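Just input_31.cif here, mmCIF, C-alpha atoms and all ligand atoms:
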```
data_input
#
loop_
_atom_site.label_atom_id
_atom_site.label_comp_id
_atom_site.auth_asym_id
_atom_site.auth_seq_id
_atom_site.Cartn_x
_atom_site.Cartn_y
_atom_site.Cartn_z
CA MET A 181 0.00 0.00 0.00
CA VAL A 182 2.76 2.45 1.03
CA ALA A 183 4.84 1.33 -1.98
CA SER A 184 2.01 1.97 -4.44
CA THR A 185 1.26 5.39 -2.87
CA LYS A 186 4.94 6.29 -3.31
CA LEU A 187 4.88 5.02 -6.90
CA MET A 188 1.72 7.04 -7.61
CA GLU A 189 3.41 10.13 -6.16
CA ARG A 190 6.49 9.57 -8.36
CA ILE A 191 4.31 9.25 -11.46
CA LEU A 192 2.26 12.29 -10.48
CA PHE A 193 5.48 14.28 -10.06
CA LYS A 194 6.49 13.39 -13.62
CA ILE A 195 3.18 14.81 -14.88
CA ALA A 196 3.29 17.79 -12.47
CA LYS A 197 6.73 18.92 -13.65
CA GLN A 198 5.17 20.63 -16.69
CA TRP A 199 3.26 22.96 -14.34
CA ILE A 200 6.11 23.83 -11.97
CA ALA A 201 9.31 25.75 -12.66
CA GLY A 202 11.50 23.68 -10.32
CA ASN A 203 12.53 23.53 -6.70
CA ASP A 204 14.12 26.90 -6.08
CA ILE A 205 14.05 30.63 -6.78
CA ASN A 206 16.56 30.38 -9.61
CA ALA A 207 14.33 27.91 -11.46
CA ALA A 208 11.38 30.30 -11.05
CA LEU A 209 13.40 33.25 -12.31
CA GLU A 210 14.71 31.22 -15.28
CA SER A 211 11.12 30.43 -16.17
CA ALA A 212 10.16 34.11 -15.73
CA LYS A 213 13.02 35.09 -18.03
CA TYR A 214 11.76 32.64 -20.66
CA SER A 215 8.28 34.20 -20.40
CA TYR A 216 9.74 37.68 -20.71
CA LYS A 217 11.77 36.73 -23.79
CA ASN A 218 8.52 35.56 -25.32
CA GLY A 219 6.71 38.82 -24.63
CA ARG A 220 4.96 37.76 -21.44
CA GLN A 221 5.22 38.87 -17.85
CA ALA A 222 5.57 36.52 -14.89
CA ILE A 223 3.59 36.02 -11.71
CA ILE A 224 5.70 33.92 -9.36
CA ASN A 225 4.21 31.81 -6.59
CA LYS A 226 6.13 29.80 -4.03
CA LEU A 227 4.15 26.61 -3.51
CA GLY A 228 2.86 26.22 0.02
CA GLU A 229 -0.35 26.59 2.00
CA TYR A 230 -1.87 26.03 5.46
CA ASP A 231 1.43 26.73 7.17
CA LYS A 232 1.56 27.25 10.92
CA SER A 233 5.30 27.00 11.37
CA LYS A 234 6.79 30.42 12.06
CA GLU A 235 10.10 29.23 10.63
CA SER A 236 8.75 28.17 7.25
CA ILE A 237 6.49 31.24 7.04
CA GLU A 238 9.59 33.41 7.55
CA LYS A 239 11.38 31.37 4.88
CA ALA A 240 8.52 31.97 2.42
CA ILE A 241 8.55 35.72 3.12
CA SER A 242 12.30 35.88 2.74
CA GLU A 243 12.11 34.04 -0.61
CA TYR A 244 9.37 36.35 -1.89
CA ASN A 245 11.52 39.32 -0.89
CA GLN A 246 14.46 37.79 -2.75
CA ILE A 247 12.28 37.36 -5.84
CA ILE A 248 11.05 40.94 -5.64
CA SER A 249 14.59 42.26 -5.49
CA SER A 250 15.79 39.90 -8.26
CA PHE A 251 13.31 40.92 -10.96
CA ARG A 252 15.34 43.93 -12.07
CA LYS A 253 18.64 42.02 -11.91
CA TRP A 254 17.20 39.21 -14.02
CA ASN A 255 15.70 41.71 -16.39
CA VAL A 256 12.13 40.45 -16.11
CA VAL A 257 8.88 42.20 -15.39
CA GLY A 258 6.98 40.30 -12.80
CA ALA A 259 4.64 40.08 -9.86
CA ILE A 260 4.31 37.70 -6.94
CA SER A 261 1.19 35.79 -5.95
CA VAL A 262 0.75 34.65 -2.38
CA LYS A 263 -1.73 32.42 -0.58
CA PRO A 264 -2.88 33.94 2.73
CA THR A 265 -2.57 30.59 4.55
CA GLN A 266 1.03 30.38 3.39
CA ILE A 267 2.02 33.43 5.41
CA GLY A 268 0.01 33.31 8.58
CA LEU A 269 -3.76 33.04 8.02
CA SER A 270 -3.67 29.57 9.57
CA ILE A 271 -2.28 31.19 12.74
CA ASN A 272 -4.52 34.27 12.85
CA ASN A 273 -5.62 37.25 10.73
CA LYS A 274 -3.33 39.68 12.52
CA THR A 275 -0.20 37.67 11.74
CA CYS A 276 -1.22 37.29 8.12
CA LEU A 277 -1.95 41.00 7.74
CA ALA A 278 1.41 41.95 9.25
CA ASN A 279 3.25 39.50 6.99
CA PHE A 280 1.40 40.59 3.86
CA GLU A 281 2.17 44.19 4.71
CA ARG A 282 5.90 43.38 4.97
CA LEU A 283 5.76 41.93 1.46
CA VAL A 284 3.69 44.76 0.03
CA VAL A 285 6.08 47.37 1.45
CA THR A 286 9.12 45.72 -0.20
CA ALA A 287 7.20 45.14 -3.42
CA THR A 288 5.93 48.72 -3.56
CA LYS A 289 9.48 50.07 -3.23
CA ALA A 290 10.58 47.84 -6.11
CA GLN A 291 7.43 48.63 -8.14
CA VAL A 292 6.41 44.99 -8.09
CA PHE A 293 2.75 44.01 -8.04
CA VAL A 294 1.42 41.64 -5.34
CA TRP A 295 -1.49 39.29 -6.03
CA MET A 296 -3.47 37.67 -3.26
CA ASP A 297 -4.50 34.15 -4.29
CA MET A 298 -7.98 33.08 -3.19
CA GLU A 299 -8.23 29.77 -1.35
CA SER A 300 -11.26 27.68 -0.34
CA SER A 301 -14.49 29.45 0.71
CA GLU A 302 -13.84 29.17 4.45
CA HIS A 303 -11.21 31.90 3.87
CA THR A 304 -13.09 34.20 1.48
CA ASP A 305 -14.27 36.71 4.10
CA GLU A 306 -10.88 36.87 5.83
CA THR A 307 -9.05 37.27 2.52
CA LEU A 308 -11.36 40.09 1.42
CA GLU A 309 -10.86 41.81 4.79
CA LEU A 310 -7.10 41.54 4.39
CA TYR A 311 -7.34 42.91 0.89
CA TYR A 312 -9.52 45.90 1.81
CA ASP A 313 -7.21 46.75 4.70
CA LEU A 314 -4.07 46.65 2.55
CA PHE A 315 -5.64 48.24 -0.53
CA SER A 316 -6.74 51.23 1.53
CA ARG A 317 -3.03 51.92 2.08
CA TYR A 318 -1.19 50.41 -0.90
CA GLU A 319 -2.00 50.58 -4.56
CA ARG A 320 -0.14 47.76 -6.25
CA ILE A 321 -2.09 44.85 -4.86
CA GLY A 322 -4.76 42.65 -6.42
CA ILE A 323 -7.08 39.85 -5.35
CA ALA A 324 -8.30 36.66 -7.05
CA ILE A 325 -12.08 36.16 -7.19
CA GLN A 326 -13.69 32.82 -8.01
CA ALA A 327 -16.60 32.65 -10.47
CA ASN A 328 -17.83 29.36 -9.01
CA LEU A 329 -18.91 31.12 -5.80
CA LYS A 330 -22.43 32.52 -5.82
CA ARG A 331 -21.35 35.54 -3.75
CA SER A 332 -18.65 36.64 -6.21
CA TYR A 333 -20.71 38.93 -8.45
CA ASP A 334 -21.65 41.03 -5.41
CA ASP A 335 -18.10 40.88 -4.05
CA VAL A 336 -16.78 42.15 -7.38
CA LYS A 337 -19.36 44.95 -7.47
CA ASP A 338 -18.14 46.13 -4.03
CA LEU A 339 -14.49 45.72 -4.96
CA VAL A 340 -14.86 47.60 -8.22
CA ARG A 341 -16.51 50.49 -6.39
CA GLN A 342 -13.30 50.82 -4.36
CA GLY A 343 -11.11 50.67 -7.48
CA ALA A 344 -9.76 47.23 -6.57
CA LYS A 345 -7.61 45.16 -8.92
CA ILE A 346 -9.16 41.80 -9.59
CA ARG A 347 -7.98 38.52 -11.10
CA LEU A 348 -11.02 36.56 -12.24
CA VAL A 349 -10.68 32.76 -12.04
CA LYS A 350 -13.21 29.92 -12.22
CA GLY A 351 -12.20 28.53 -8.80
CA ALA A 352 -10.02 25.54 -8.03
CA TYR A 353 -11.54 24.28 -4.78
CA LYS A 354 -14.38 21.80 -4.18
CA GLU A 355 -17.27 23.76 -2.74
CA ASN A 356 -20.73 23.04 -1.39
CA SER A 357 -23.71 23.54 -3.73
CA LYS A 358 -25.33 25.91 -1.18
CA ILE A 359 -22.65 28.48 -1.86
CA ALA A 360 -21.19 27.44 -5.21
CA TYR A 361 -22.24 26.78 -8.77
CA LYS A 362 -21.46 23.18 -9.56
CA THR A 363 -22.00 22.69 -13.28
CA ARG A 364 -19.58 23.89 -15.92
CA GLU A 365 -22.38 25.87 -17.62
CA GLN A 366 -23.24 27.72 -14.41
CA VAL A 367 -19.63 28.54 -13.58
CA ASP A 368 -18.89 29.70 -17.14
CA SER A 369 -22.03 31.81 -17.23
CA ASN A 370 -21.13 33.50 -13.92
CA TYR A 371 -17.56 34.03 -15.18
CA SER A 372 -18.96 35.69 -18.26
CA LYS A 373 -21.32 37.88 -16.19
CA ILE A 374 -18.51 39.05 -13.87
CA MET A 375 -16.14 39.58 -16.79
CA LYS A 376 -18.68 41.91 -18.43
CA LEU A 377 -18.88 43.87 -15.17
CA LEU A 378 -15.09 44.16 -15.11
CA PHE A 379 -14.88 45.43 -18.68
CA LYS A 380 -17.68 47.91 -18.10
CA GLU A 381 -16.75 49.23 -14.67
CA ALA A 382 -13.22 48.24 -13.65
CA ASN A 383 -9.71 48.90 -14.80
CA GLU A 384 -6.48 46.90 -14.39
CA PHE A 385 -7.76 43.37 -14.04
CA GLY A 386 -6.67 39.85 -14.94
CA ILE A 387 -8.69 37.44 -17.07
CA ALA A 388 -7.24 34.22 -15.69
CA THR A 389 -8.65 31.32 -17.66
CA HIS A 390 -7.54 28.84 -20.32
CA ASP A 391 -11.07 28.58 -21.69
CA SER A 392 -11.05 29.66 -25.37
CA LYS A 393 -14.73 30.60 -25.32
CA LEU A 394 -14.23 33.03 -22.44
CA ILE A 395 -10.95 34.32 -23.87
CA ASP A 396 -12.69 35.07 -27.19
CA GLU A 397 -15.48 36.80 -25.30
CA ALA A 398 -12.90 38.91 -23.41
CA ILE A 399 -11.26 39.88 -26.70
CA LYS A 400 -14.63 41.05 -28.06
CA LEU A 401 -15.38 42.99 -24.85
CA SER A 402 -11.93 44.61 -24.98
CA LYS A 403 -12.78 46.13 -28.37
CA LYS A 404 -15.99 47.61 -27.02
CA TYR A 405 -14.56 48.72 -23.65
CA PRO A 406 -10.85 49.46 -24.02
CA LYS A 407 -9.43 48.81 -20.57
CA LYS A 408 -6.08 47.99 -19.02
CA PHE A 409 -6.28 44.24 -18.50
CA GLU A 410 -4.16 41.17 -19.05
CA PHE A 411 -4.67 37.53 -19.78
CA GLN A 412 -3.14 35.31 -17.12
CA LEU A 413 -2.45 31.64 -17.75
CA LEU A 414 -0.77 28.93 -15.70
CA LYS A 415 2.68 27.68 -16.61
CA GLY A 416 2.45 24.57 -18.79
CA ILE A 417 -1.22 24.99 -19.77
CA ARG A 418 -2.46 26.15 -23.20
CA ASP A 419 1.14 26.95 -24.20
CA GLU A 420 0.09 26.99 -27.87
CA LEU A 421 -2.31 29.87 -27.23
CA LYS A 422 0.08 32.19 -25.38
CA PRO A 423 2.19 33.36 -28.40
CA GLN A 424 -1.01 34.09 -30.31
CA LEU A 425 -2.33 36.36 -27.55
CA VAL A 426 1.01 38.19 -27.46
CA LYS A 427 1.07 38.45 -31.25
CA ASP A 428 -2.42 39.94 -31.20
CA GLY A 429 -1.17 42.63 -28.84
CA PHE A 430 -2.69 41.45 -25.55
CA ALA A 431 -0.76 41.79 -22.31
CA THR A 432 -0.24 38.24 -21.10
CA SER A 433 1.26 36.81 -17.91
CA ASP A 434 2.40 33.34 -16.95
CA TYR A 435 1.63 32.22 -13.40
CA ILE A 436 4.78 30.36 -12.39
CA PRO A 437 4.77 28.20 -9.27
CA TYR A 438 7.98 26.77 -7.83
CA GLY A 439 9.07 24.85 -4.77
CA THR A 440 9.03 21.40 -3.27
CA ASN A 441 5.50 21.53 -1.87
CA TRP A 442 4.04 20.57 -5.23
CA LEU A 443 1.38 18.00 -4.34
CA PRO A 444 -1.76 20.05 -3.47
CA TYR A 445 -1.28 22.39 -6.46
CA SER A 446 -0.74 19.44 -8.80
CA ILE A 447 -3.80 17.59 -7.55
CA ARG A 448 -5.90 20.68 -8.28
CA ARG A 449 -4.47 20.84 -11.82
CA LEU A 450 -5.02 17.12 -12.30
CA ARG A 451 -8.66 17.30 -11.24
CA GLU A 452 -9.36 20.07 -13.75
CA ARG A 453 -9.07 17.83 -16.74
CA LYS A 454 -10.24 14.27 -17.30
CA ARG A 455 -7.39 13.68 -19.72
CA ASN A 456 -4.86 14.37 -16.94
CA ILE A 457 -6.47 11.73 -14.71
CA LEU A 458 -6.43 9.25 -17.59
CA LEU A 459 -2.75 10.06 -18.17
CA LEU A 460 -2.00 9.39 -14.51
CA GLY A 461 -3.94 6.10 -14.64
CA SER A 462 -2.26 4.89 -17.81
CA SER A 463 1.23 5.83 -16.51
CA PHE A 464 0.48 3.88 -13.33
CA ILE A 465 -0.60 0.84 -15.34
CA GLN A 466 2.46 1.15 -17.63
CA SER A 467 4.79 1.21 -14.63
CA HIS A 468 3.32 -2.08 -13.41
CA LYS A 469 3.97 -3.86 -16.72
CA VAL A 470 6.78 -6.44 -16.68
C1 LIG A 501 -3.20 32.85 -13.51
C2 LIG A 501 -4.14 31.98 -12.73
C3 LIG A 501 -4.25 32.17 -11.36
C4 LIG A 501 -5.14 31.40 -10.62
N1 LIG A 501 -5.34 31.68 -9.29
C5 LIG A 501 -6.31 31.03 -8.62
C6 LIG A 501 -6.66 31.39 -7.28
O1 LIG A 501 -6.08 32.29 -6.68
N2 LIG A 501 -7.65 30.69 -6.68
C7 LIG A 501 -8.33 29.67 -7.29
O2 LIG A 501 -9.25 29.09 -6.72
N3 LIG A 501 -8.00 29.30 -8.55
C8 LIG A 501 -7.02 29.95 -9.22
N4 LIG A 501 -6.73 29.58 -10.50
C9 LIG A 501 -7.27 28.31 -11.05
C10 LIG A 501 -8.65 28.48 -11.63
O3 LIG A 501 -9.59 28.72 -10.62
C11 LIG A 501 -9.08 27.20 -12.39
O4 LIG A 501 -9.12 26.14 -11.49
C12 LIG A 501 -8.17 26.84 -13.54
O5 LIG A 501 -7.69 27.96 -14.21
C13 LIG A 501 -8.93 25.98 -14.57
O6 LIG A 501 -10.02 26.69 -15.08
P1 LIG A 501 -10.05 27.34 -16.55
O7 LIG A 501 -10.53 28.71 -16.41
O8 LIG A 501 -8.76 27.21 -17.21
O9 LIG A 501 -11.19 26.56 -17.29
P2 LIG A 501 -11.43 25.01 -17.57
O10 LIG A 501 -12.82 24.92 -18.04
O11 LIG A 501 -11.01 24.19 -16.41
O12 LIG A 501 -10.42 24.71 -18.75
C14 LIG A 501 -10.54 25.25 -20.03
C15 LIG A 501 -9.53 24.59 -20.96
O13 LIG A 501 -8.19 24.87 -20.50
C16 LIG A 501 -7.36 23.73 -20.57
N5 LIG A 501 -6.99 23.31 -19.20
C17 LIG A 501 -7.51 23.79 -18.04
N6 LIG A 501 -6.91 23.20 -16.97
C18 LIG A 501 -6.01 22.34 -17.49
C19 LIG A 501 -5.07 21.45 -16.88
N7 LIG A 501 -4.96 21.35 -15.56
N8 LIG A 501 -4.29 20.70 -17.70
C20 LIG A 501 -4.39 20.82 -19.05
N9 LIG A 501 -5.26 21.66 -19.68
C21 LIG A 501 -6.06 22.40 -18.90
C22 LIG A 501 -8.18 22.69 -21.28
O14 LIG A 501 -7.95 22.85 -22.66
C23 LIG A 501 -9.60 23.05 -20.93
O15 LIG A 501 -10.53 22.60 -21.86
C24 LIG A 501 -5.88 30.37 -11.27
C25 LIG A 501 -5.77 30.20 -12.64
C26 LIG A 501 -4.93 31.00 -13.38
C27 LIG A 501 -4.88 30.80 -14.85
#
```
Have the structure of the file written as structure tokens, please.
Amino acid sequence: MVASTKLMERILFKIAKQWIAGNDINAALESAKYSYKNGRQAIINKLGEYDKSKESIEKAISEYNQIISSFRKWNVVGAISVKPTQIGLSINNKTCLANFERLVVTATKAQVFVWMDMESSEHTDETLELYYDLFSRYERIGIAIQANLKRSYDDVKDLVRQGAKIRLVKGAYKENSKIAYKTREQVDSNYSKIMKLLFKEANEFGIATHDSKLIDEAIKLSKKYPKKFEFQLLKGIRDELKPQLVKDGFATSDYIPYGTNWLPYSIRRLRERKRNILLLGSSFIQSHKV
């Protein structure tokens, strides 16, 4: 049992490698440099979540600070993206706020943008509170909002009223049907509804999806409502589409995760596509062949 779990993990790592830059900061910066050479910006995320250890939280903050100060040296334009539970939300809100503020202060000095990733719905209120608090004092900070949550349209309306910077995603976490849309049609339709609101009433936002239908819709909306926005895509996904978006003149960013804590992120990516699960299954079967 333990042996087959380990084998499964090894196989999953082989598949997950396409989505992750590597183990350390240099690997992330190399990947960011590759994006930049290809006309795209980078959003770097150190993998990690639900951390309560003060030591590893400090290590994460120190690495983010190193990344912020390395962008110019490496000649890349980039941002960082941080999960609240990676830097203290699992201890308490106050710790997380203080840690986020440390990052935002360094980033602001270096003119680097900070994105706040959105985690599962138990943290939505706390994450919004953190965001409002920081955004009232710092400008270059944005928040991810998930179209699968029923509350999100109203959240976006409030955020937009404050001039907030939003990254719109479909949502990567399993949620209860009381609070979340469960079918693809419902999620896509809410994404589309929120995206229209962004194009009409917001400025400086991220359309973070790999879904061609929604990307085409965003392109149409951008002609009608010229706004400062960018497409954001994950490293290793829809790589064939990225050069086309750049060629067509759209600002495009690659979200680049790095680090050794790759399992939760990879499982979320795996779940998103049936073909990935099939690939995992067939690799597992192959590895058992004599
Ligand atoms: C830049 C960025 C930041 C994100 N930040 C957050 C966040 O903070 N919080 C959060 O909850 N979620 C976040 N997500 C994840 C997001 O919520 C979705 O889970 C993820 O993007 C898949 O949804 P989709 O919009 O690509 O549409 P889907 O309908 O899932 O996919 C559309 C098409 O994209 C391709 N595709 C999608 N996923 C994969 C995959 N794993 N492997 C191969 N092909 C794939 C396929 O061609 C698929 O048909 C982020 C996504 C991006 C792009």
Original post:
Hey, what's within 12 Å of Gly429 of chain A if we count all atoms listed in the file and toss same-chain stuff fewer than 6 positions away? As a list in words, please?
Top reply: Gly219, Arg220, Ile399, Ser402, Phe409, Glu410, Phe411, Lys422 and Pro423 of chain A
Write to file, as a tab-separated table (two decimals), in the frame of the given file, the residues of the selection just made, with C-alpha atoms.
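Saved file selection_19.tsv follows:
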```
chain	number	residue	atom	x	y	z
A	219	GLY	CA	6.71	38.82	-24.63
A	220	ARG	CA	4.96	37.76	-21.44
A	399	ILE	CA	-11.26	39.88	-26.70
A	402	SER	CA	-11.93	44.61	-24.98
A	409	PHE	CA	-6.28	44.24	-18.50
A	410	GLU	CA	-4.16	41.17	-19.05
A	411	PHE	CA	-4.67	37.53	-19.78
A	422	LYS	CA	0.08	32.19	-25.38
A	423	PRO	CA	2.19	33.36	-28.40
```
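Near Phe251 of chain A, within 12 Å and counting all atoms listed in the file, sit A:Ile205, A:Asn206, A:Ala208, A:Leu209, A:Glu210, A:Ser211, A:Ala212, A:Lys213, A:Tyr216, A:Gln221, A:Ala222, A:Ile223, A:Ile224, A:Tyr244, A:Asn245, A:Gln246, A:Val256, A:Val257, A:Gly258, A:Ala259, A:Ile260, A:Ala287, A:Ala290, A:Gln291, A:Val292, A:Phe293; same-chain residues fewer than 5 positions away were not included.
Residue nearest Ser316 of chain A, chosen from A:Ile237, A:Ala344, A:Leu413, A:Leu329 and counting only C-alpha atoms: A:Ala344.
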Which residues of chain A sit at most 6 Å from ligand LIG 501 (chain A), using all atoms listed in the file? Give each one's shortest atom pair and distance in Å (one decimal place), in chain and ascending residue order, as a Markdown table.
```
| residue | atom | partner | partner_atom | distance |
| --- | --- | --- | --- | --- |
| A:Asp297 | CA | A:LIG501 | O1 | 3.4 |
| A:Met298 | CA | A:LIG501 | O1 | 4.1 |
| A:Glu299 | CA | A:LIG501 | N2 | 5.4 |
| A:Ala324 | CA | A:LIG501 | O1 | 4.9 |
| A:Gln326 | CA | A:LIG501 | O2 | 5.9 |
| A:Val349 | CA | A:LIG501 | O3 | 4.4 |
| A:Lys350 | CA | A:LIG501 | O3 | 4.1 |
| A:Gly351 | CA | A:LIG501 | O3 | 3.2 |
| A:Ala352 | CA | A:LIG501 | O4 | 3.6 |
| A:Tyr353 | CA | A:LIG501 | O2 | 5.7 |
| A:Ala388 | CA | A:LIG501 | C27 | 4.2 |
| A:Thr389 | CA | A:LIG501 | O7 | 3.5 |
| A:His390 | CA | A:LIG501 | O8 | 3.7 |
| A:Asp391 | CA | A:LIG501 | C14 | 3.8 |
| A:Gln412 | CA | A:LIG501 | C1 | 4.4 |
| A:Leu413 | CA | A:LIG501 | C27 | 3.9 |
| A:Leu414 | CA | A:LIG501 | C27 | 4.6 |
| A:Ile417 | CA | A:LIG501 | N9 | 5.2 |
| A:Tyr435 | CA | A:LIG501 | C1 | 4.9 |
| A:Arg449 | CA | A:LIG501 | N7 | 3.8 |
| A:Leu450 | CA | A:LIG501 | N7 | 5.3 |
| A:Glu452 | CA | A:LIG501 | N7 | 4.9 |
| A:Arg453 | CA | A:LIG501 | C19 | 5.4 |
```
Original post:
Within 8 Å of Met375 of chain A, counting all atoms listed in the file, which residues qualify if same-chain residues fewer than 4 places away don't, as an MDAnalysis selection string?
Top reply: chainID A and resid 348 371 379 387 398
Export of prior selection with C-alpha atoms as an mmCIF file, in the frame of the given file:
```cif
data_model
loop_
_atom_site.group_PDB
_atom_site.id
_atom_site.type_symbol
_atom_site.label_atom_id
_atom_site.label_comp_id
_atom_site.auth_asym_id
_atom_site.auth_seq_id
_atom_site.Cartn_x
_atom_site.Cartn_y
_atom_site.Cartn_z
ATOM 1 C CA LEU A 348 -11.020 36.560 -12.240
ATOM 2 C CA TYR A 371 -17.560 34.030 -15.180
ATOM 3 C CA PHE A 379 -14.880 45.430 -18.680
ATOM 4 C CA ILE A 387 -8.690 37.440 -17.070
ATOM 5 C CA ALA A 398 -12.900 38.910 -23.410
#
```
Original post:
atom CA of Tyr230 of chain A and atom CA of Gln266 of chain A are how many Å apart?
Top reply: 5.6 Å
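Near (-3.6, 26.5, 12.0), the residues that fall inside 8 Å on the basis of only C-alpha atoms are Tyr230, Asp231, Lys232, Leu269, Ser270, Ile271 and Asn272 of chain A.
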Based on the selection just made, write C-alpha atoms of those residues as a PDB file, in the coordinates of the input.
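After the write, out_34.pdb holds the following:
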```pdb
ATOM      1  CA  TYR A 230      -1.870  26.030   5.460  1.00  0.00           C
ATOM      2  CA  ASP A 231       1.430  26.730   7.170  1.00  0.00           C
ATOM      3  CA  LYS A 232       1.560  27.250  10.920  1.00  0.00           C
ATOM      4  CA  LEU A 269      -3.760  33.040   8.020  1.00  0.00           C
ATOM      5  CA  SER A 270      -3.670  29.570   9.570  1.00  0.00           C
ATOM      6  CA  ILE A 271      -2.280  31.190  12.740  1.00  0.00           C
ATOM      7  CA  ASN A 272      -4.520  34.270  12.850  1.00  0.00           C
TER       8      ASN A 272
END
```
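Distance annotation: of A:Leu277, A:Ile395, A:Leu339, A:Ile247, the residue with the minimal separation from Ala207 of chain A is A:Ile247; atom set is only C-alpha atoms.
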Original post:
Between atom CA of Ile325 of chain A and atom CA of Arg347 of chain A, what is the spacing in Å?
Top reply: 6.1 Å
**OP:** Using all atoms listed in the file, pick whichever of A:Lys263, A:Arg341, A:Lys197, A:Lys454 has the shortest atom-to-atom distance to Glu229 of chain A.
**Re:** A:Lys263
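When the distance limit is 10 Å and all atoms listed in the file are what count, the residues near Glu381 of chain A, minus those fewer than 6 positions from it on the same chain, are Lys337, Val340, Arg341, Gly343, Met375, Tyr405 and Lys407 of chain A.
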Subject >> 10 Å contact set for Asp204 of chain A, only C-alpha atoms, chain neighbours under 3 positions out, as a ChimeraX atom specification >> reply: /A:201,207-209,226,243,437-440
Put those residues in a file: C-alpha atoms, as a PDB file, in the coordinates of the input.
```pdb
ATOM      1  CA  ALA A 201       9.310  25.750 -12.660  1.00  0.00           C
ATOM      2  CA  ALA A 207      14.330  27.910 -11.460  1.00  0.00           C
ATOM      3  CA  ALA A 208      11.380  30.300 -11.050  1.00  0.00           C
ATOM      4  CA  LEU A 209      13.400  33.250 -12.310  1.00  0.00           C
ATOM      5  CA  LYS A 226       6.130  29.800  -4.030  1.00  0.00           C
ATOM      6  CA  GLU A 243      12.110  34.040  -0.610  1.00  0.00           C
ATOM      7  CA  PRO A 437       4.770  28.200  -9.270  1.00  0.00           C
ATOM      8  CA  TYR A 438       7.980  26.770  -7.830  1.00  0.00           C
ATOM      9  CA  GLY A 439       9.070  24.850  -4.770  1.00  0.00           C
ATOM     10  CA  THR A 440       9.030  21.400  -3.270  1.00  0.00           C
TER      11      THR A 440
END
```
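Put simply, atom CA of Lys404 of chain A is 22.3 Å away from atom CA of Ala327 of chain A.
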Original post:
So, counting only C-alpha atoms, which residue among A:Trp295, A:Phe193, A:Trp254, A:Phe430 is closest to Asp396 of chain A?
Top reply: A:Phe430
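When all atoms listed in the file are used to compute distances to Ile267 of chain A, the closest of the residues A:Arg190, A:Lys234, A:Lys330, A:Arg252 turns out to be A:Lys234.
Of the listed residues A:Ile195, A:Ala240, A:Leu283, A:Asp434, the one whose atoms come nearest to Ser463 of chain A is A:Ile195, with distances taken using all atoms listed in the file.
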Could you work out an axis-aligned box for segment 190-198 of chain A, taking every atom the file lists and adding 5 Å on each side, and report centre and edge lengths in Å to one decimal, as lines of an AutoDock Vina configuration file?
```
center_x = 4.5
center_y = 14.9
center_z = -12.5
size_x = 14.5
size_y = 21.4
size_z = 18.3
```
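If you count all atoms listed in the file and draw a sphere of 6 Å around (-9.5, 45.9, -10.8), the protein and nucleic acid residues inside it come out as A:Ala344, A:Lys345, A:Ile346, A:Ala382, A:Asn383, A:Glu384, A:Phe385.
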